[in-house]
Each structure stands twice: as C-alpha cells, then as structure tokens.
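Trainee: Supplied in structure tokens, the structure appears directly below.
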Amino acid sequence: GRFSQSDPATGERYNVEISGGVWSPTIQAVVASESILIPGTDIDLVNDLGIVDERFPEFRAVLRPARKHKFRVGYVPIKYEAEATLSRNIVFNGILFPVNVPVRSLLDWKAWRFGYEYDFIYRDRGFLGVILEAKYTDVTVELESPFTLEFTKAKAPIPAVGLIGRGYVFPNVSVTGEFTGFKLPGSIANLDENDTGSYYDFDVYGTLNFTNNVGVMAGYRRLTVNYRIDDDYGDFQLKGFYLQGVVRF
C-alpha cells in the first residue's frame with residue numbers, strides 16, 4: 001500500500017480522522033461597545049455579569065489525502081448565559097444599565113477553524129509541520145434589562161499560521177503540541193489606526209491509540225482573542241482541559 005515503505009506508529013495509518021469530546025475551560029472576558037460617540041464601559045463578564053464556567057462539546061476532523069498533507073476543521077460552540085444584579089453603572093451600546101438592576105446576559109461564540117497542515121519532517125515515530133488556517137469567529141454579546149435589550153456582534157475570518165509537532169513516547173502513545181496565531185496591526189488592510197486584533201490558540205495533548213482506528217485524547221487548550229474595532233472592544237481567554245475519543249479510517 002501507500003505506506004509500505006515505512007512502519008508508521010499505531011494511529012498514523014489513516015486517510016480520515018474524526019474526534020469529539022468535551023472541553024472544560026475557565027473564562028476571562030471583557031467587552032465594551034460604543035454607540036453614537038458614547039464610550040462603553042469595560043464590562044467584565046464574570047465579575048459584572050455573573051457568567052460562570054461551562055463545558056462545551058468540541059469536534060475536529062482531518063482529511064489526509066497524502067502522507068504529509070492534511071486538511072483540518074474544528075468547531076466549538078461556546079455559549080454562556082447568566083443573570084446578575086449590577087453592582088455598578090455600566091454603559092453598553094450607548095445605553096446606561098444602572099446599578100441594582102437585574103441583567104440577563106448572553107455570550108454566544110461560534111469558534112470554527114479551517115486549516116491546511118504540511119508535515120515537512122515526517123518519520124515513523126513523529127513529525128513536524130506547519131499550519132495555515134482561517135479561524136472563523138462569530139461572537140455575539142447580548143445584555144437585557146427590564147428596560148432594554150442591547151447586543152453587539154463581531155464576525156470575521158482571521159488568518160493564522162503556526163507549527164505542530166508530534167512524537168511517540170511508546171509505539172501507541174503520542175504527545176502533540178501545536179500553536180497557531182495572528183496579530184493584526186492597525187496599519188494594514190486600510191483599517192483605522194486604532195483597529196487591532198489578535199488570535200492565539202495553544203494546544204497540547206496526549207493520544208493513546210488502542211488500534212490504528214480507535215484512540216482517546218486528553219489535552220489542554222488555551223484560546224485567546226482580542227479585538228478593537230470602531231471603539232468596540234473584546235478580550236476573551238478560555239483555557240482548560242479536554243477529553244476526546246478518536247476514530248480513523
């Protein structure tokens with residue numbers, strides 16, 4: 001077959017790999033939204049709005065048409081809802097939400113990633129590769145009081161580049177690390193001088209392969225997104241452990 005020249009480690013003979021599981025991150029998040037030249041308050045979603053940590057499903061798939069080439073997709077539907085009584089006045093979208101008023105909040109973040117990986121070093125017991133990807137980020141933040149409902153949206157495909165490496169510590173146990181990121185300075189793409197954005201995704205995980213076709217993964221992922229567009233501001237960090245099952249064919 002195609003891999004007859006070598007003896008790949010258990011779990012490295014496949015054309016399609018699909019994994020899914022649960023991610024349990026802690027969240028830090030600050031947002032601000034300006035409207036009609038009324039500056040917005042920097043709102044801490046945890047301290048001001050009472051958002052608490054949640055668990056999310058996470059899905060990944062890899063299409064591998066040739067040994068060194070992989071097309072990757074990943075998706076995490078991130079959603080937080082909370083109710084809290086404000087301990088201070090906040091301004092969001094030009095609207096005052098006064099102290100002691102109950103506010104229901106929603107953070108809805110659909111985090112997609114689409115990428116291509118080229119493993120420029122490939123051995124039976126490990127590889128080193130480069131990743132080019134588009135992270136499609138769709139974030140909605142909504143605040144509702146008895147008097148008003150306000151929301152802000154940010155949608156953007158964000159390009160990113162990075163590295164991935166994998167080594168086998170036993171014939172059927174691997175450790176993989178990858179980092180992708182992008183920083184957008186305000187001076188390019190005809191953006192306002194003050195428009196900036198960054199996206200960093202760090203992921204390290206171990207995989208135990210029972211057979212070539214079935215395994216489990218345990219890992220730690222940190223996702224950091226920061227943007228300032230037209231005086232709208234968002235700063236999100238999710239970091240925590242995950243567990244996934246893996247099938248390959």
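Ordering of the structure tokens sets the chain letters (A, B, ...), residue numbers begin anew at 1 in every chain, and ligands are numbered from 1 in the order given.
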Report as a Markdown table: every residue of segment 13-78 of chain A with an atom at most 12 Å from segment 203-226 of chain A, its closest pair of atoms, and their distance in Å to one decimal, counting only C-alpha atoms, with rows sorted by chain and ascending residue number.
Mentor:
| residue | atom | partner | partner_atom | distance |
| --- | --- | --- | --- | --- |
| A:Arg13 | CA | A:Asn212 | CA | 6.5 |
| A:Tyr14 | CA | A:Asn212 | CA | 7.7 |
| A:Asn15 | CA | A:Asn213 | CA | 10.6 |
| A:Val16 | CA | A:Asn213 | CA | 9.9 |
| A:Glu17 | CA | A:Asn213 | CA | 8.6 |
| A:Ile18 | CA | A:Val214 | CA | 9.9 |
| A:Ser19 | CA | A:Met217 | CA | 8.6 |
| A:Gly20 | CA | A:Met217 | CA | 9.3 |
| A:Gly21 | CA | A:Met217 | CA | 9.0 |
| A:Val22 | CA | A:Ala218 | CA | 10.0 |
| A:Trp23 | CA | A:Arg221 | CA | 8.5 |
| A:Ser24 | CA | A:Tyr220 | CA | 9.4 |
| A:Pro25 | CA | A:Arg221 | CA | 8.1 |
| A:Thr26 | CA | A:Arg222 | CA | 9.5 |
| A:Ile27 | CA | A:Leu223 | CA | 9.8 |
| A:Gln28 | CA | A:Thr224 | CA | 9.5 |
| A:Ala29 | CA | A:Val225 | CA | 9.5 |
| A:Val30 | CA | A:Asn226 | CA | 9.5 |
| A:Val31 | CA | A:Asn226 | CA | 9.7 |
| A:Ala32 | CA | A:Asn226 | CA | 11.7 |
| A:Glu58 | CA | A:Arg221 | CA | 11.3 |
| A:Arg60 | CA | A:Met217 | CA | 11.7 |
| A:Val76 | CA | A:Leu223 | CA | 11.1 |
| A:Ile78 | CA | A:Leu223 | CA | 11.7 |
Trainee: Excluding Asn89 of chain A and residues on its chain fewer than 3 positions from it, collect all residues at most 6 Å away from it, counting only C-alpha atoms, and give them as a list of chain:residue names.
Mentor: A:Phe97, A:Pro98, A:Val99
Trainee: Write out as an MDAnalysis selection string the residues lying within 10 Å of Trp109 of chain A, counting only C-alpha atoms and excluding same-chain residues fewer than 4 positions away.
Mentor: chainID A and resid 76:80 137:141 153:155
Trainee: Pick out the residues sitting within 9 Å of Pro171 of chain A, and hand them over as a ChimeraX atom specification; count only C-alpha atoms, and ignore anything fewer than 5 positions along from it in its own chain.
Mentor: /A:9-10,125,209
Trainee: To one decimal place in Å, what is the distance between atom CA of Ile229 of chain A and atom CA of Asp53 of chain A?
Mentor: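 Pair atom CA of Ile229 of chain A / atom CA of Asp53 of chain A returns 26.7 Å.
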Trainee: Between atom CA of Glu144 of chain A and atom CA of Leu106 of chain A, what is the spacing in Å?
Mentor: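 So the two atoms, atom CA of Leu106 of chain A and atom CA of Glu144 of chain A, lie 8.8 Å apart.
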Trainee: May I have the residues within 12 Å of Ile43 of chain A as a short mmCIF file (atom, residue, chain, number, x, y, z; two decimals) with all heavy atoms, in the first residue's frame, using only C-alpha atoms and disregarding those fewer than 4 positions away in the same chain?
Mentor:
data_model
loop_
_atom_site.label_atom_id
_atom_site.label_comp_id
_atom_site.auth_asym_id
_atom_site.auth_seq_id
_atom_site.Cartn_x
_atom_site.Cartn_y
_atom_site.Cartn_z
N GLN A 28 -12.05 34.15 31.04
CA GLN A 28 -11.87 35.55 31.41
C GLN A 28 -12.33 36.35 30.19
O GLN A 28 -11.89 36.05 29.07
CB GLN A 28 -10.40 35.86 31.68
CG GLN A 28 -9.82 35.20 32.91
CD GLN A 28 -8.31 35.40 32.98
OE1 GLN A 28 -7.54 34.65 32.40
NE2 GLN A 28 -7.88 36.45 33.66
N ALA A 29 -13.20 37.33 30.40
CA ALA A 29 -13.73 38.06 29.24
C ALA A 29 -14.11 39.48 29.64
O ALA A 29 -14.77 39.70 30.66
CB ALA A 29 -14.94 37.33 28.67
N VAL A 30 -13.69 40.42 28.79
CA VAL A 30 -14.06 41.83 28.96
C VAL A 30 -14.54 42.33 27.60
O VAL A 30 -13.92 42.06 26.58
CB VAL A 30 -12.85 42.68 29.43
CG1 VAL A 30 -13.22 44.16 29.49
CG2 VAL A 30 -12.35 42.20 30.79
N VAL A 31 -15.70 43.03 27.60
CA VAL A 31 -16.20 43.61 26.36
C VAL A 31 -16.61 45.06 26.61
O VAL A 31 -16.93 45.45 27.74
CB VAL A 31 -17.43 42.84 25.79
CG1 VAL A 31 -17.05 41.44 25.40
CG2 VAL A 31 -18.58 42.85 26.77
N ALA A 32 -16.56 45.83 25.55
CA ALA A 32 -17.07 47.20 25.59
C ALA A 32 -17.65 47.52 24.23
O ALA A 32 -17.15 47.05 23.21
CB ALA A 32 -15.95 48.19 25.94
N SER A 33 -18.74 48.29 24.22
CA SER A 33 -19.37 48.65 22.95
C SER A 33 -19.80 50.11 22.99
O SER A 33 -20.57 50.52 23.86
CB SER A 33 -20.58 47.75 22.69
OG SER A 33 -21.13 48.03 21.42
N GLU A 34 -19.28 50.88 22.02
CA GLU A 34 -19.59 52.30 21.94
C GLU A 34 -20.74 52.51 20.97
O GLU A 34 -20.95 51.73 20.05
CB GLU A 34 -18.36 53.06 21.44
CG GLU A 34 -18.61 54.55 21.29
CD GLU A 34 -17.39 55.27 20.72
OE1 GLU A 34 -16.44 55.53 21.47
OE2 GLU A 34 -17.40 55.58 19.51
N PRO A 39 -18.87 56.51 24.93
CA PRO A 39 -17.95 55.41 25.18
C PRO A 39 -18.61 54.33 26.04
O PRO A 39 -19.43 54.63 26.90
CB PRO A 39 -16.78 56.07 25.93
CG PRO A 39 -16.98 57.55 25.81
CD PRO A 39 -18.42 57.77 25.51
N ASN A 47 -17.18 39.13 36.58
CA ASN A 47 -17.41 39.92 37.80
C ASN A 47 -18.66 40.79 37.72
O ASN A 47 -19.38 40.95 38.70
CB ASN A 47 -16.19 40.79 38.12
CG ASN A 47 -14.97 39.95 38.45
OD1 ASN A 47 -15.09 38.87 39.02
ND2 ASN A 47 -13.79 40.43 38.08
N ASP A 48 -18.92 41.38 36.53
CA ASP A 48 -20.08 42.27 36.40
C ASP A 48 -21.37 41.52 36.08
O ASP A 48 -22.44 41.88 36.56
CB ASP A 48 -19.83 43.31 35.30
CG ASP A 48 -18.81 44.35 35.70
OD1 ASP A 48 -18.81 44.76 36.89
OD2 ASP A 48 -18.01 44.76 34.85
N LEU A 49 -21.27 40.48 35.25
CA LEU A 49 -22.48 39.84 34.72
C LEU A 49 -22.73 38.45 35.31
O LEU A 49 -23.75 37.83 35.01
CB LEU A 49 -22.40 39.74 33.20
CG LEU A 49 -22.25 41.09 32.47
CD1 LEU A 49 -22.20 40.87 30.97
CD2 LEU A 49 -23.37 42.06 32.83
N GLY A 50 -21.79 37.95 36.11
CA GLY A 50 -22.04 36.69 36.80
C GLY A 50 -21.90 35.44 35.95
O GLY A 50 -22.43 34.39 36.29
N ILE A 51 -21.20 35.54 34.82
CA ILE A 51 -21.00 34.35 33.98
C ILE A 51 -20.09 33.36 34.70
O ILE A 51 -19.09 33.75 35.31
CB ILE A 51 -20.44 34.78 32.61
CG1 ILE A 51 -21.60 35.24 31.72
CG2 ILE A 51 -19.65 33.67 31.96
CD1 ILE A 51 -21.20 35.71 30.37
N LEU A 86 -26.65 44.24 38.83
CA LEU A 86 -25.44 45.04 38.64
C LEU A 86 -25.00 45.70 39.95
O LEU A 86 -25.82 46.26 40.69
CB LEU A 86 -25.68 46.13 37.58
CG LEU A 86 -25.93 45.63 36.15
CD1 LEU A 86 -26.15 46.80 35.21
CD2 LEU A 86 -24.75 44.77 35.66
N SER A 87 -23.69 45.65 40.19
CA SER A 87 -23.14 46.32 41.37
C SER A 87 -22.56 47.69 41.03
O SER A 87 -22.02 48.38 41.89
CB SER A 87 -22.05 45.44 42.00
OG SER A 87 -21.04 45.18 41.06
N ARG A 88 -22.68 48.10 39.76
CA ARG A 88 -22.23 49.43 39.34
C ARG A 88 -22.97 49.81 38.06
O ARG A 88 -23.56 48.95 37.40
CB ARG A 88 -20.72 49.46 39.11
CG ARG A 88 -20.25 48.51 38.01
CD ARG A 88 -18.76 48.63 37.74
NE ARG A 88 -18.33 47.74 36.65
CZ ARG A 88 -17.44 48.11 35.72
NH1 ARG A 88 -16.91 49.32 35.72
NH2 ARG A 88 -17.09 47.25 34.77
N ASN A 89 -22.94 51.09 37.73
CA ASN A 89 -23.49 51.53 36.45
C ASN A 89 -22.58 51.05 35.32
O ASN A 89 -21.35 51.16 35.42
CB ASN A 89 -23.56 53.06 36.38
CG ASN A 89 -24.63 53.64 37.29
OD1 ASN A 89 -25.55 52.95 37.71
ND2 ASN A 89 -24.49 54.92 37.62
N ILE A 90 -23.18 50.53 34.24
CA ILE A 90 -22.39 50.22 33.05
C ILE A 90 -23.10 50.81 31.84
O ILE A 90 -24.32 50.93 31.80
CB ILE A 90 -22.16 48.71 32.87
CG1 ILE A 90 -23.48 47.95 32.72
CG2 ILE A 90 -21.37 48.12 34.04
CD1 ILE A 90 -23.29 46.46 32.41
N VAL A 91 -22.30 51.19 30.84
CA VAL A 91 -22.82 51.71 29.58
C VAL A 91 -22.43 50.73 28.47
O VAL A 91 -21.26 50.37 28.33
CB VAL A 91 -22.25 53.11 29.28
CG1 VAL A 91 -22.72 53.59 27.91
CG2 VAL A 91 -22.66 54.10 30.36
N PHE A 92 -23.45 50.28 27.72
CA PHE A 92 -23.23 49.29 26.66
C PHE A 92 -24.06 49.73 25.46
O PHE A 92 -25.26 49.96 25.58
CB PHE A 92 -23.68 47.91 27.17
CG PHE A 92 -23.50 46.79 26.20
CD1 PHE A 92 -22.25 46.28 25.93
CD2 PHE A 92 -24.60 46.21 25.58
CE1 PHE A 92 -22.08 45.21 25.05
CE2 PHE A 92 -24.45 45.14 24.69
CZ PHE A 92 -23.19 44.65 24.43
N ASN A 93 -23.40 49.88 24.29
CA ASN A 93 -24.10 50.34 23.08
C ASN A 93 -24.77 51.70 23.29
O ASN A 93 -25.85 51.96 22.77
CB ASN A 93 -25.17 49.33 22.65
CG ASN A 93 -24.65 48.35 21.61
OD1 ASN A 93 -23.46 48.35 21.30
ND2 ASN A 93 -25.52 47.53 21.09
N PHE A 97 -27.04 50.92 31.79
CA PHE A 97 -27.65 49.87 32.62
C PHE A 97 -27.30 50.22 34.07
O PHE A 97 -26.15 50.08 34.48
CB PHE A 97 -27.08 48.49 32.25
CG PHE A 97 -27.55 47.96 30.93
CD1 PHE A 97 -27.03 48.45 29.73
CD2 PHE A 97 -28.51 46.97 30.85
CE1 PHE A 97 -27.44 47.97 28.50
CE2 PHE A 97 -28.94 46.47 29.61
CZ PHE A 97 -28.41 46.98 28.45
N SER A 105 -27.59 38.15 30.61
CA SER A 105 -26.54 38.30 29.60
C SER A 105 -26.33 37.00 28.84
O SER A 105 -26.60 35.91 29.34
CB SER A 105 -25.23 38.75 30.24
OG SER A 105 -24.87 37.86 31.27
N VAL A 141 -22.60 39.33 21.89
CA VAL A 141 -22.78 39.61 23.32
C VAL A 141 -24.09 40.39 23.46
O VAL A 141 -24.31 41.39 22.77
CB VAL A 141 -21.61 40.43 23.90
CG1 VAL A 141 -21.87 40.73 25.38
CG2 VAL A 141 -20.30 39.69 23.74
N GLU A 142 -24.96 39.90 24.36
CA GLU A 142 -26.30 40.48 24.49
C GLU A 142 -26.55 40.78 25.97
O GLU A 142 -26.26 39.97 26.84
CB GLU A 142 -27.30 39.44 23.99
CG GLU A 142 -28.72 39.91 23.84
CD GLU A 142 -29.59 38.79 23.23
OE1 GLU A 142 -29.46 38.55 22.01
OE2 GLU A 142 -30.33 38.15 23.97
N LEU A 143 -27.09 41.97 26.23
CA LEU A 143 -27.46 42.36 27.60
C LEU A 143 -28.93 42.78 27.59
O LEU A 143 -29.35 43.60 26.76
CB LEU A 143 -26.61 43.54 28.09
CG LEU A 143 -25.32 43.24 28.86
CD1 LEU A 143 -24.38 42.40 28.03
CD2 LEU A 143 -24.65 44.53 29.30
N ASP A 232 -15.33 49.39 19.53
CA ASP A 232 -15.84 48.19 20.19
C ASP A 232 -14.63 47.35 20.59
O ASP A 232 -13.67 47.22 19.82
CB ASP A 232 -16.73 47.38 19.25
CG ASP A 232 -18.15 47.93 19.19
OD1 ASP A 232 -18.39 48.99 19.79
OD2 ASP A 232 -19.00 47.30 18.55
N TYR A 233 -14.70 46.78 21.75
CA TYR A 233 -13.54 46.09 22.30
C TYR A 233 -13.97 44.74 22.85
O TYR A 233 -15.04 44.61 23.45
CB TYR A 233 -12.93 46.95 23.42
CG TYR A 233 -11.83 46.28 24.20
CD1 TYR A 233 -10.55 46.15 23.68
CD2 TYR A 233 -12.08 45.78 25.48
CE1 TYR A 233 -9.55 45.54 24.40
CE2 TYR A 233 -11.07 45.17 26.21
CZ TYR A 233 -9.80 45.06 25.66
OH TYR A 233 -8.82 44.45 26.38
N GLY A 234 -13.14 43.73 22.63
CA GLY A 234 -13.39 42.42 23.22
C GLY A 234 -12.08 41.76 23.57
O GLY A 234 -11.10 41.86 22.82
N ASP A 235 -12.04 41.11 24.71
CA ASP A 235 -10.85 40.41 25.15
C ASP A 235 -11.31 39.12 25.83
O ASP A 235 -11.93 39.17 26.89
CB ASP A 235 -10.05 41.27 26.12
CG ASP A 235 -8.70 40.66 26.47
OD1 ASP A 235 -8.34 39.64 25.85
OD2 ASP A 235 -8.01 41.19 27.36
N PHE A 236 -11.06 37.98 25.18
CA PHE A 236 -11.56 36.70 25.67
C PHE A 236 -10.40 35.72 25.84
O PHE A 236 -9.54 35.63 24.97
CB PHE A 236 -12.55 36.07 24.67
CG PHE A 236 -13.71 36.94 24.32
CD1 PHE A 236 -13.68 37.72 23.17
CD2 PHE A 236 -14.83 37.00 25.13
CE1 PHE A 236 -14.75 38.53 22.83
CE2 PHE A 236 -15.91 37.81 24.80
CZ PHE A 236 -15.87 38.58 23.66
#
Trainee: Residues of segment 13-209 of chain A in strand (DSSP E or B) according to DSSP, as a PyMOL selection string?
Mentor: chain A and resi 16-32+35+38+43-44+56-66+69-85+90-92+95-97+102-123+126-144+149-170+173-184+196-209
Trainee: Suppose you want the space between atom CA of Phe179 of chain A and atom CA of Asp124 of chain A; what is it in Å?
Mentor: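 Separating atom CA of Phe179 of chain A from atom CA of Asp124 of chain A is a distance of 22.3 Å.
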